[in-house]
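Participant: structure.txt (compact mmCIF, C-alpha atoms) pasted underneath:
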# COMPACT_ATOMS: atom_id res chain seq x y z
CA MET A 286 4.82 188.78 209.50
CA CYS A 287 5.44 185.44 211.15
CA GLY A 288 4.16 182.42 209.26
CA ARG A 289 6.04 179.52 210.89
CA PHE A 290 7.63 178.89 214.25
CA VAL A 291 9.20 176.14 216.36
CA GLY A 292 7.96 174.66 219.62
CA ASN A 293 10.37 172.22 221.24
CA PHE A 294 10.34 172.47 225.03
CA ASN A 295 9.04 170.64 228.07
CA THR A 296 7.04 171.64 231.12
CA GLN A 297 10.10 172.18 233.29
CA GLU A 298 11.69 174.54 230.77
CA LEU A 299 8.51 176.63 230.72
CA ILE A 300 8.39 176.73 234.53
CA VAL A 301 12.02 177.88 234.70
CA GLU A 302 11.35 180.62 232.15
CA VAL A 303 8.21 182.17 233.65
CA GLY A 304 7.77 180.74 237.16
CA SER A 305 9.53 183.49 239.12
CA ALA A 306 7.77 186.27 237.23
CA ILE A 307 4.39 184.65 237.82
CA ASP A 308 5.15 184.41 241.55
CA ALA A 309 6.15 188.09 241.59
CA PHE A 310 2.70 189.05 240.31
CA GLY A 311 0.99 187.01 243.03
CA LEU A 312 -0.27 184.43 240.55
CA THR A 313 0.20 180.67 240.34
CA LEU A 314 1.11 178.55 237.33
CA ARG A 315 -1.01 175.57 236.35
CA VAL A 316 0.61 173.21 233.84
CA PRO A 317 -0.25 169.71 232.57
CA GLU A 318 1.24 166.90 234.64
CA PHE A 319 2.98 164.48 232.31
CA ASP A 320 6.49 163.50 231.27
CA GLY A 321 8.07 164.31 227.94
CA PRO A 322 7.88 167.36 225.69
CA LEU A 323 5.05 169.82 226.25
CA VAL A 324 5.35 170.53 222.54
CA GLN A 325 7.66 169.12 219.86
CA ASN A 326 6.88 170.70 216.52
CA PHE A 327 9.74 171.96 214.36
CA ASN A 328 7.49 173.48 211.70
CA VAL A 329 4.42 175.00 213.34
CA ALA A 330 2.11 176.35 210.64
CA PRO A 331 -1.30 178.05 210.65
CA THR A 332 -4.12 175.74 211.89
CA HIS A 333 -1.65 173.78 214.05
CA VAL A 334 -2.59 173.45 217.73
CA VAL A 335 0.01 174.58 220.26
CA PRO A 336 0.24 175.35 223.99
CA ILE A 337 -0.25 178.99 225.01
CA LEU A 338 -0.37 180.80 228.34
CA ARG A 339 -3.35 182.84 229.52
CA VAL A 340 -4.70 184.10 232.82
CA ILE A 341 -7.84 182.66 234.44
CA GLY A 342 -8.59 184.32 237.76
CA SER A 343 -5.43 184.12 239.85
CA GLU A 344 -3.79 181.43 237.71
CA VAL A 345 -1.64 181.43 234.62
CA VAL A 346 -2.73 178.28 232.81
CA VAL A 347 -1.34 176.31 229.89
CA ASP A 348 -4.11 176.02 227.32
CA VAL A 349 -4.08 174.66 223.77
CA MET A 350 -5.22 176.81 220.88
CA ARG A 351 -5.28 176.73 217.10
CA TRP A 352 -3.10 179.24 215.25
CA GLY A 353 -5.14 181.60 213.10
CA LEU A 354 -7.72 183.64 214.98
CA ILE A 355 -11.36 182.92 214.17
CA PRO A 356 -13.63 185.58 215.74
CA VAL A 357 -16.55 184.34 217.78
CA TRP A 358 -18.97 185.72 215.18
CA ALA A 359 -17.29 183.97 212.20
CA LYS A 360 -19.18 181.31 210.26
CA ASP A 361 -16.29 180.13 208.06
CA PRO A 362 -13.19 178.66 209.76
CA ASN A 363 -11.10 179.55 206.71
CA ILE A 364 -10.98 183.14 207.94
CA GLY A 365 -8.30 182.00 210.38
CA ALA A 366 -5.76 181.64 207.56
CA LYS A 367 -5.94 185.43 207.06
CA MET A 368 -5.59 186.22 210.75
CA ILE A 369 -2.44 184.49 211.94
CA ASN A 370 -0.85 187.86 212.78
CA ALA A 371 -2.17 191.09 214.28
CA ARG A 372 -0.23 194.31 213.77
CA SER A 373 0.65 195.98 217.07
CA GLU A 374 0.15 199.42 215.51
CA THR A 375 -3.53 198.79 214.68
CA ILE A 376 -4.62 196.11 217.14
CA THR A 377 -6.90 198.54 219.02
CA GLU A 378 -8.51 199.71 215.77
CA LYS A 379 -9.24 196.61 213.69
CA PRO A 380 -12.78 195.29 214.33
CA SER A 381 -11.64 191.67 214.65
CA PHE A 382 -9.06 192.47 217.35
CA LYS A 383 -9.97 195.59 219.31
CA GLY A 384 -12.69 193.93 221.39
CA LEU A 385 -10.23 191.21 222.47
CA VAL A 386 -7.49 193.53 223.74
CA PRO A 387 -9.07 194.20 227.18
CA GLY A 388 -9.43 190.58 228.30
CA HIS A 389 -8.15 188.08 225.73
CA ARG A 390 -4.39 188.56 225.83
CA CYS A 391 -2.06 185.55 225.83
CA ILE A 392 1.57 184.49 225.50
CA VAL A 393 2.81 182.03 222.86
CA PRO A 394 5.98 180.22 224.03
CA MET A 395 8.33 179.41 221.16
CA SER A 396 11.81 177.99 220.69
CA GLY A 397 12.17 180.36 217.74
CA PHE A 398 10.52 181.27 214.46
CA TYR A 399 11.27 181.14 210.74
CA GLU A 400 11.49 184.11 208.43
CA TRP A 401 12.36 184.39 204.75
CA ASN A 402 14.58 186.97 203.10
CA ARG A 403 12.67 187.93 199.95
CA GLU A 404 15.23 190.13 198.21
CA ASN A 405 15.28 187.57 195.41
CA PRO A 406 11.62 186.55 194.90
CA LYS A 407 12.72 183.51 192.89
CA ALA A 408 14.91 182.15 195.69
CA LYS A 409 13.58 183.13 199.10
CA VAL A 410 16.13 182.31 201.82
CA PRO A 411 14.82 180.87 205.13
CA TYR A 412 16.29 181.78 208.50
CA PHE A 413 15.69 180.34 211.96
CA VAL A 414 15.42 183.19 214.46
CA THR A 415 16.05 182.74 218.18
CA ARG A 416 16.64 185.00 221.15
CA SER A 417 20.27 186.04 221.28
CA ASP A 418 20.40 185.29 225.03
CA GLY A 419 19.21 181.70 224.51
CA HIS A 420 15.98 182.07 226.49
CA LEU A 421 12.64 180.61 225.44
CA MET A 422 10.70 183.11 223.33
CA LEU A 423 7.53 184.56 224.82
CA GLY A 424 5.50 186.00 221.96
CA ALA A 425 2.58 188.35 222.56
CA GLY A 426 -0.76 187.02 221.37
CA ILE A 427 -4.47 187.66 221.36
CA TRP A 428 -7.12 184.96 221.41
CA SER A 429 -10.79 184.38 220.74
CA ASP A 430 -13.45 181.83 221.59
CA SER A 431 -14.04 180.03 218.31
CA PRO A 432 -16.94 177.58 218.63
CA ILE A 433 -16.86 176.48 214.98
CA VAL A 434 -13.56 174.59 215.37
CA GLU A 435 -12.82 171.57 217.55
CA GLU A 436 -10.18 173.37 219.63
CA ALA A 437 -12.77 176.01 220.71
CA ARG A 438 -10.13 178.78 220.94
CA THR A 439 -7.80 180.33 218.38
CA PHE A 440 -5.08 182.98 218.47
CA SER A 441 -3.04 185.48 216.49
CA LEU A 442 0.58 186.45 217.08
CA ILE A 443 1.14 190.19 217.47
CA THR A 444 3.84 191.67 215.24
CA ARG A 445 5.86 194.89 215.09
CA ASP A 446 8.43 196.60 212.88
CA SER A 447 11.74 194.76 212.97
CA VAL A 448 14.73 196.60 214.37
CA GLU A 449 18.40 196.25 213.45
CA ASP A 450 18.80 192.62 214.53
CA LEU A 451 16.24 191.30 212.02
CA SER A 452 15.47 194.14 209.63
CA SER A 453 17.96 192.81 207.06
CA VAL A 454 15.93 189.58 206.83
CA HIS A 455 12.35 190.87 207.16
CA ASP A 456 10.63 194.11 208.09
CA ARG A 457 8.20 192.52 210.58
CA SER A 458 8.74 190.26 213.60
CA PRO A 459 6.71 188.97 216.57
CA VAL A 460 6.33 191.17 219.63
CA GLU A 461 8.52 189.30 222.12
CA PHE A 462 8.77 189.84 225.89
CA ASN A 463 10.96 188.89 228.79
CA ALA A 464 9.19 186.90 231.52
CA GLN A 465 8.18 189.90 233.64
CA GLU A 466 6.66 191.73 230.69
CA ALA A 467 4.96 188.57 229.46
CA VAL A 468 3.08 188.15 232.74
CA GLU A 469 2.20 191.84 232.74
CA TRP A 470 0.83 191.54 229.20
CA MET A 471 -1.44 188.66 230.23
CA SER A 472 -2.59 189.92 233.62
CA ALA A 473 -2.72 193.74 233.65
CA ALA A 474 -6.17 195.23 234.16
CA GLN A 475 -5.55 197.48 231.15
CA ALA A 476 -3.53 196.31 228.16
CA PRO A 477 0.06 197.59 228.60
CA LEU A 478 0.49 198.66 224.98
CA GLU A 479 3.64 200.57 225.90
CA LEU A 480 5.43 197.21 226.00
CA PHE A 481 5.26 197.10 222.20
CA VAL A 482 8.00 199.70 221.76
CA PRO A 483 11.31 198.33 220.42
CA ASP A 484 13.27 199.26 223.56
CA HIS A 485 11.35 196.56 225.44
CA GLN A 486 12.06 193.82 222.95
CA PRO A 487 14.75 191.15 223.51
CA ARG A 488 17.27 190.90 220.71
CA PHE A 489 17.28 188.18 218.05
CA SER A 490 19.91 185.97 216.41
CA THR A 491 19.46 184.56 212.89
CA LEU A 492 20.68 181.32 211.34
CA GLN A 493 20.27 180.41 207.69
CA VAL A 494 18.56 177.02 207.34
CA SER A 495 17.54 174.57 204.65
CA THR A 496 14.71 175.30 202.22
CA ARG A 497 13.20 172.02 203.46
CA VAL A 498 11.33 174.20 205.94
CA ASN A 499 9.31 175.61 203.05
CA SER A 500 7.13 172.49 203.08
CA VAL A 501 4.98 171.90 206.17
CA ARG A 502 5.29 168.18 205.47
CA ASN A 503 8.86 168.38 206.73
CA ASN A 504 8.90 168.40 210.51
CA ASP A 505 12.10 167.25 212.20
CA SER A 506 14.96 168.67 214.25
CA GLY A 507 17.16 168.96 211.15
CA LEU A 508 15.12 171.96 210.01
CA ILE A 509 16.83 174.23 212.55
CA ASN A 510 20.37 173.15 211.66
CA PRO A 511 22.56 175.71 209.87
CA VAL A 512 23.29 175.22 206.20
CA GLU A 513 26.61 175.72 204.45
CA VAL A 514 26.57 178.60 201.99
CA GLU A 515 29.13 180.03 199.64
CA ASP A 516 30.85 183.22 200.79
CA ASP A 517 30.63 185.73 197.93
CA ASN A 518 33.87 187.40 198.96
CA PHE A 519 36.13 184.39 199.37
CA GLY A 520 34.45 181.59 197.44
CA GLU A 521 34.54 179.42 200.55
CA LEU A 522 31.89 177.60 202.51
CA ARG A 523 30.93 178.96 205.88
CA LEU A 524 28.20 178.42 208.47
CA PHE A 525 25.70 181.15 209.27
Before we go any further, please render this structure as structure tokens.
Facilitator:
Amino acid sequence: MCGRFVGNFNTQELIVEVGSAIDAFGLTLRVPEFDGPLVQNFNVAPTHVVPILRVIGSEVVVDVMRWGLIPVWAKDPNIGAKMINARSETITEKPSFKGLVPGHRCIVPMSGFYEWNRENPKAKVPYFVTRSDGHLMLGAGIWSDSPIVEEARTFSLITRDSVEDLSSVHDRSPVEFNAQEAVEWMSAAQAPLELFVPDHQPRFSTLQVSTRVNSVRNNDSGLINPVEVEDDNFGELRLF
């Protein structure tokens, strides 16, 4: 699963990442007009509000949504805490998600995400995961109108089985696209579920980070810095 991620990018960085692909699909990009970071959150957690991309007519728009999908029929907003992720393998079967697949697909831009190695349940080790090519991450998502919360819309990140680049840390990871596939995911008349296969997924790089990230009260750029750890083979300190 994915339970925390990082958003630290500005409007121009988002335009550079997806602008050409959006043009290629005959769409236009509508983004907020202001200076400074579009988002600057180094410890995004469920219920946090973040910018996402979705298609409205012939435009790809930047919207803001709350993480943790609350179906339109829900009466209790706490249900969102159980629906931060949607499994790609069952997204067209689960009652809360299957009705959203045809027309409520979105992209969640991220600088990277956190995952914990749980081999030792008494000392879970956090890692910061980024794209190995340095590009902004474009995570697949699904969203719902959610009139019982102030933000009005909520979303889930779609996950898949991890492959070799992350499987040693965790067995699940977000479905992540390149720009062309991201626009196709949002705009195709029928959901392109074939994009979920591992061969379409950009590769990841992992960096061990401080356990400070375990607390959502910590939210600063130092969370994504590498930590020094002892090498079991040589008894020396090295950076991951």
Participant: For stretch 500-508 of chain A, list every protein, DNA or RNA residue within 9 Å, evaluated using only C-alpha atoms, and leave out those in the same chain fewer than 6 positions away; present the list as a list of chain:residue names.
Facilitator: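 Returned residues: A:Asn326, A:Phe327, A:Asn328, A:Val329, A:Ala330, A:Phe413, A:Val494.
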Participant: Would you output that residue set with C-alpha atoms, as a compact mmCIF listing (two decimals), in the coordinates of the input?
Facilitator:
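Dumped everything to again.txt:
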# COMPACT_ATOMS: atom_id res chain seq x y z
CA ASN A 326 6.88 170.70 216.52
CA PHE A 327 9.74 171.96 214.36
CA ASN A 328 7.49 173.48 211.70
CA VAL A 329 4.42 175.00 213.34
CA ALA A 330 2.11 176.35 210.64
CA PHE A 413 15.69 180.34 211.96
CA VAL A 494 18.56 177.02 207.34
Participant: Can you tell me, as a ChimeraX atom specification, what residues are no more than 8 Å from A:Ala371 when counting all atoms listed in the file, ignoring any on the same chain fewer than 4 positions away?
Facilitator: /A:375-376,382,441-444
Participant: Between A:Ile392, A:Leu478, A:Val410, A:Val316, which residue has the minimum interatomic distance to A:Glu298, considering only C-alpha atoms?
Facilitator: A:Val316
Participant: Can you tell me how far atom CA of A:Asp456 sits from atom CA of A:Gln325, in Å to one decimal?
Facilitator: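 Separation of atom CA of A:Asp456 and atom CA of A:Gln325: 27.8 Å.
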Participant: Tell me, as a compact mmCIF listing (two decimals) with C-alpha atoms, keeping the file's coordinate frame, which residues lie within 7 Å of A:Val335, counting all atoms listed in the file; anything in the same chain fewer than 5 positions away does not count.
Facilitator:
# COMPACT_ATOMS: atom_id res chain seq x y z
CA VAL A 349 -4.08 174.66 223.77
CA MET A 350 -5.22 176.81 220.88
CA ARG A 351 -5.28 176.73 217.10
